[in-house]
Amino acid sequence: MTVYNIALIGFGGVNRALAELIATRNTLWERELGFRLNIVAVSDLYLGSVISPNGLDAKTLIDAKFTKGGFGQLSGGNAEADNETIIRTAPADIVVEATFTNPTDGEPAVSHCRWALASGKHVVTTNKGPVALAALELKALAEANGVRFEYEGSVMSGTPVIRMAAKTLAGAEVDGFEGILNGTSNFVLGRMESGLDFDTAVREAQELGYAEADPTADVEGFDVRLKVVILANELLGAQLKPDDVTCKGISQLSPSDIGDAAKTNSRWKLIGSASRGADGRVVGSVMPKQLPLEHPLAAVNGPTNAVSFNTKLLGSVTVTGPGAGRIETAYALLSDIVAIHTQSTSAIAKEAA
Ligand SMILES: NC(=O)C1=CN([C@@H]2O[C@H](COP(=O)(O)OP(=O)(O)OC[C@H]3O[C@@H](n4cnc5c(N)ncnc54)[C@H](O)[C@@H]3O)[C@@H](O)[C@H]2O)C=CC1
Ligand SMILES: N[C@@H](CC=O)C(=O)O
């Protein structure tokens, strides 16, 4: 049976949810997936950092009410988040990066990924910054060090989109996509349709763990812009940067805009899209659109997301599922680890044959 030692960088909603899953499901995973996860290090800006080569008990980690610098009280602990030491020296096979997304330059998460990959550790991440802004470099670094850089949760949380489209739509000639790619803004629009004011709806999304640390990224469209870049670069072979994608969010939509749409049997949705033009150039945009109720994306509610891929051979193929949420996003990390495990076990089987 395989045990993967993991180091958690960031111990907020998503990585805590992963620890929760480890505490409750390791035995099931051992039986059904062929591996267990063992947390050997955690580093968090607020809590500090800790390394325990034999492993930290996941349940104790999530149940303990640590205050600022609290990891400093643990054996092997430090009241500061010494990320570089943790990432480079902890005896981890996999570094799980789930710190804040920085939409401008992706830092410090890009450095976290570089340190891990250069030290021969796999990286799984839900952080959109490194994927949108440094994917090519990080994939090359992973390849050079014989490890993997996986990031399924960077778009539509646990809903399989990146790997699904890359693998199962291969050859279908994807030439564009459009979708609802932010759970918070979709949730806020729905709550405003029910009569709630914008600020209260955003607060609810924060409490439910959907929103970014700074929810401006959600409601101004910056989060969707990163996801458009990720999908366009991954699936359309583009080399977009966030500034190449025009971006407008939902913060300017007033309660009367929302009410007027309802009167005309339509609904506002924040749509991220990209398509390849006749000249081969890929153009992306993020903007609120008033969709008629019969439009397939009009019925996508709450934190649910959906993306329709336009393909030459199949027409439109739509994937719908959770776009945000702590457990849902932690599942994306598990799916990345499953992908790493599957590749490594098939490589071992090939060698043995
Ligand atoms: N919550 C969700 O539904 C989804 C989140 N994501 C992404 O996953 C990542 C984590 O999300 P959440 O856990 O919800 O965020 P969060 O805000 O709950 O947690 C982030 C944690 O990272 C820590 N942190 C920030 N900077 C750090 C640094 N330099 N070093 C060490 N620790 C640091 C913070 O102290 C905090 O505990 C974010 O990048 C987010 O954009 C992606 C998909 C869905
Ligand atoms: N804040 C994001 C989380 C996932 O990326 C969202 O609301 O979609």
# chains A, B, ... in the order shown; residues from 1 in each chain; ligands from 1

$ residues_around --residues "Leu61 in chain A" --least-positions-apart "5" --cutoff "10 Å" --atoms "only C-alpha atoms" --output "ChimeraX atom specification"
/A:11,16,19-20,23,39,42,56,66,71

$ select_by_dssp --residues "range 221-297 of chain A" --states "strand (DSSP E or B)" --output "ChimeraX atom specification"
/A:246-247,266-276,282-292

$ write_last_selection --atoms "N, CA, C and O atoms" --output "short mmCIF file (atom, residue, chain, number, x, y, z; two decimals), in the first residue's frame"
data_model
loop_
_atom_site.label_atom_id
_atom_site.label_comp_id
_atom_site.auth_asym_id
_atom_site.auth_seq_id
_atom_site.Cartn_x
_atom_site.Cartn_y
_atom_site.Cartn_z
N THR A 246 -10.50 41.11 -21.84
CA THR A 246 -11.31 42.24 -21.37
C THR A 246 -12.15 41.78 -20.18
O THR A 246 -12.59 40.62 -20.13
N CYS A 247 -12.37 42.67 -19.23
CA CYS A 247 -12.97 42.21 -17.98
C CYS A 247 -13.91 43.23 -17.36
O CYS A 247 -13.52 44.37 -17.11
N SER A 266 -35.53 36.99 -18.49
CA SER A 266 -34.10 36.75 -18.66
C SER A 266 -33.41 36.91 -17.30
O SER A 266 -34.06 37.25 -16.31
N ARG A 267 -32.12 36.71 -17.28
CA ARG A 267 -31.37 36.66 -16.04
C ARG A 267 -29.93 37.11 -16.33
O ARG A 267 -29.37 36.74 -17.36
N TRP A 268 -29.36 37.90 -15.40
CA TRP A 268 -27.96 38.30 -15.57
C TRP A 268 -27.04 37.16 -15.13
O TRP A 268 -27.25 36.56 -14.07
N LYS A 269 -26.01 36.91 -15.91
CA LYS A 269 -24.98 35.94 -15.54
C LYS A 269 -23.62 36.53 -15.89
O LYS A 269 -23.51 37.26 -16.89
N LEU A 270 -22.61 36.23 -15.10
CA LEU A 270 -21.25 36.68 -15.42
C LEU A 270 -20.61 35.60 -16.29
O LEU A 270 -20.40 34.47 -15.85
N ILE A 271 -20.34 35.97 -17.53
CA ILE A 271 -19.88 34.98 -18.51
C ILE A 271 -18.40 35.19 -18.86
O ILE A 271 -17.99 36.27 -19.26
N GLY A 272 -17.64 34.12 -18.74
CA GLY A 272 -16.25 34.12 -19.20
C GLY A 272 -16.19 33.30 -20.47
O GLY A 272 -16.78 32.22 -20.55
N SER A 273 -15.50 33.82 -21.48
CA SER A 273 -15.45 33.07 -22.74
C SER A 273 -14.14 33.32 -23.48
O SER A 273 -13.43 34.30 -23.20
N ALA A 274 -13.86 32.43 -24.40
CA ALA A 274 -12.72 32.63 -25.31
C ALA A 274 -13.02 31.85 -26.58
O ALA A 274 -13.71 30.83 -26.54
N SER A 275 -12.53 32.37 -27.70
CA SER A 275 -12.70 31.62 -28.94
C SER A 275 -11.56 31.93 -29.89
O SER A 275 -10.92 32.97 -29.79
N ARG A 276 -11.34 30.98 -30.78
CA ARG A 276 -10.30 31.15 -31.78
C ARG A 276 -10.94 31.71 -33.04
O ARG A 276 -11.89 31.14 -33.58
N VAL A 282 -6.67 33.78 -30.41
CA VAL A 282 -7.67 33.48 -29.38
C VAL A 282 -7.98 34.77 -28.62
O VAL A 282 -7.07 35.48 -28.18
N VAL A 283 -9.26 35.07 -28.52
CA VAL A 283 -9.70 36.30 -27.85
C VAL A 283 -10.60 35.91 -26.68
O VAL A 283 -11.49 35.07 -26.82
N GLY A 284 -10.33 36.51 -25.51
CA GLY A 284 -11.12 36.15 -24.33
C GLY A 284 -11.81 37.36 -23.73
O GLY A 284 -11.35 38.49 -23.91
N SER A 285 -12.90 37.11 -23.02
CA SER A 285 -13.59 38.22 -22.35
C SER A 285 -14.35 37.73 -21.12
O SER A 285 -14.67 36.55 -21.00
N VAL A 286 -14.59 38.69 -20.22
CA VAL A 286 -15.42 38.44 -19.04
C VAL A 286 -16.42 39.58 -18.99
O VAL A 286 -16.02 40.75 -18.97
N MET A 287 -17.71 39.25 -18.99
CA MET A 287 -18.70 40.33 -18.89
C MET A 287 -20.06 39.80 -18.44
O MET A 287 -20.41 38.65 -18.72
N PRO A 288 -20.84 40.66 -17.73
CA PRO A 288 -22.19 40.23 -17.38
C PRO A 288 -23.06 40.23 -18.64
O PRO A 288 -22.96 41.15 -19.46
N LYS A 289 -23.86 39.18 -18.80
CA LYS A 289 -24.75 39.11 -19.97
C LYS A 289 -26.15 38.78 -19.49
O LYS A 289 -26.32 37.98 -18.57
N GLN A 290 -27.12 39.38 -20.17
CA GLN A 290 -28.52 39.08 -19.86
C GLN A 290 -28.94 37.92 -20.75
O GLN A 290 -29.01 38.07 -21.97
N LEU A 291 -29.17 36.75 -20.14
CA LEU A 291 -29.48 35.56 -20.94
C LEU A 291 -30.97 35.24 -20.87
O LEU A 291 -31.56 35.29 -19.79
N PRO A 292 -31.58 34.88 -21.99
CA PRO A 292 -32.98 34.43 -21.94
C PRO A 292 -33.08 33.17 -21.10
O PRO A 292 -32.14 32.38 -21.06
#

$ residues_near_ligand --ligand "ligand 2" --cutoff "7 Å" --atoms "only C-alpha atoms and all ligand atoms" --output "count of residues only"
17

$ residues_around --residues "Thr89 in chain A" --least-positions-apart "6" --cutoff "10 Å" --atoms "only C-alpha atoms" --output "ChimeraX atom specification"
/A:41,51,83,116,119

$ residues_around --residues "Ala166 in chain A" --least-positions-apart "6" --cutoff "12 Å" --atoms "only C-alpha atoms" --output "VMD selection string"
chain A and resid 152 160 172 to 174 231 to 237 309

$ atom_distance --atom1 "CA of Tyr151 in chain A" --atom2 "CA of Ile327 in chain A"
15.7 Å

$ residues_near_ligand --ligand "ligand 1" --cutoff "6 Å" --atoms "only C-alpha atoms and all ligand atoms" --output "count of residues only"
30

$ residues_around --residues "Val110 in chain A" --least-positions-apart "4" --cutoff "9 Å" --atoms "only C-alpha atoms" --output "ChimeraX atom specification"
/A:105-106,114-115,129-131,133-134,138

$ write_last_selection --atoms "N, CA and C atoms" --output "compact mmCIF listing (two decimals), in the first residue's frame"
# COMPACT_ATOMS: atom_id res chain seq x y z
N ASP A 105 0.69 38.90 -9.93
CA ASP A 105 1.90 38.18 -10.37
C ASP A 105 1.96 36.75 -9.84
N GLY A 106 0.89 36.34 -9.16
CA GLY A 106 0.82 34.95 -8.69
C GLY A 106 1.66 34.65 -7.46
N ARG A 114 7.70 26.64 -7.39
CA ARG A 114 9.09 26.47 -7.89
C ARG A 114 9.94 25.72 -6.88
N TRP A 115 9.88 26.13 -5.60
CA TRP A 115 10.71 25.48 -4.58
C TRP A 115 10.38 23.99 -4.50
N GLY A 129 -3.30 31.70 -9.39
CA GLY A 129 -2.18 32.57 -9.77
C GLY A 129 -1.08 31.82 -10.53
N PRO A 130 -0.47 30.80 -9.91
CA PRO A 130 0.63 30.10 -10.60
C PRO A 130 0.20 29.48 -11.92
N VAL A 131 -1.07 29.05 -12.00
CA VAL A 131 -1.51 28.36 -13.22
C VAL A 131 -1.73 29.38 -14.34
N LEU A 133 -0.48 32.41 -14.53
CA LEU A 133 0.63 33.31 -14.82
C LEU A 133 1.97 32.61 -15.06
N ALA A 134 2.08 31.34 -14.69
CA ALA A 134 3.41 30.70 -14.82
C ALA A 134 3.31 29.22 -15.17
N LEU A 138 6.28 26.31 -14.90
CA LEU A 138 6.16 25.32 -13.83
C LEU A 138 6.02 23.90 -14.39

$ atom_distance --atom1 "CA of Leu8 in chain A" --atom2 "CA of Met164 in chain A"
25.5 Å

$ select_by_dssp --residues "range 147-305 of chain A" --states "alpha helix (DSSP H)" --output "MDAnalysis selection string"
chainID A and resid 162:168 183:193 198:207 216:219 222:235 255:263

$ write_last_selection --atoms "C-alpha atoms" --output "tab-separated table (two decimals), in the first residue's frame"
chain	number	residue	atom	x	y	z
A	162	ILE	CA	-9.38	20.76	-17.27
A	163	ARG	CA	-8.41	17.10	-17.30
A	164	MET	CA	-11.78	16.05	-18.66
A	165	ALA	CA	-11.60	18.41	-21.64
A	166	ALA	CA	-7.91	17.80	-22.35
A	167	LYS	CA	-8.32	14.01	-22.28
A	168	THR	CA	-11.85	13.19	-23.34
A	183	GLY	CA	-19.37	30.56	-7.76
A	184	THR	CA	-19.48	33.71	-5.64
A	185	SER	CA	-20.80	36.06	-8.33
A	186	ASN	CA	-23.35	33.50	-9.51
A	187	PHE	CA	-24.50	32.99	-5.91
A	188	VAL	CA	-24.69	36.79	-5.37
A	189	LEU	CA	-26.75	37.31	-8.54
A	190	GLY	CA	-29.18	34.61	-7.43
A	191	ARG	CA	-29.51	36.08	-3.93
A	192	MET	CA	-30.14	39.53	-5.45
A	193	GLU	CA	-32.90	37.99	-7.61
A	198	PHE	CA	-25.40	43.07	-2.88
A	199	ASP	CA	-23.25	43.49	0.27
A	200	THR	CA	-25.25	40.98	2.33
A	201	ALA	CA	-25.13	38.47	-0.51
A	202	VAL	CA	-21.33	38.85	-0.75
A	203	ARG	CA	-21.04	38.35	3.02
A	204	GLU	CA	-23.08	35.14	2.76
A	205	ALA	CA	-20.75	33.88	0.00
A	206	GLN	CA	-17.77	34.62	2.26
A	207	GLU	CA	-19.33	32.73	5.18
A	216	THR	CA	-13.41	42.13	-5.16
A	217	ALA	CA	-11.71	39.48	-7.29
A	218	ASP	CA	-15.01	37.61	-7.53
A	219	VAL	CA	-17.41	40.46	-8.18
A	222	PHE	CA	-10.72	39.18	-12.02
A	223	ASP	CA	-11.14	35.59	-10.80
A	224	VAL	CA	-13.01	34.61	-13.97
A	225	ARG	CA	-10.35	36.36	-16.06
A	226	LEU	CA	-7.70	34.03	-14.58
A	227	LYS	CA	-9.90	31.02	-15.31
A	228	VAL	CA	-10.45	32.16	-18.91
A	229	VAL	CA	-6.65	32.43	-19.28
A	230	ILE	CA	-6.16	28.95	-17.78
A	231	LEU	CA	-8.76	27.28	-20.03
A	232	ALA	CA	-7.72	29.17	-23.18
A	233	ASN	CA	-4.03	28.35	-22.69
A	234	GLU	CA	-4.70	24.77	-21.69
A	235	LEU	CA	-7.33	23.82	-24.26
A	255	PRO	CA	-31.34	45.71	-8.03
A	256	SER	CA	-33.42	47.36	-10.77
A	257	ASP	CA	-31.22	45.85	-13.52
A	258	ILE	CA	-31.86	42.46	-11.93
A	259	GLY	CA	-35.61	43.12	-11.61
A	260	ASP	CA	-35.87	44.42	-15.21
A	261	ALA	CA	-34.24	41.26	-16.50
A	262	ALA	CA	-36.79	39.12	-14.64
A	263	LYS	CA	-39.63	41.10	-16.28
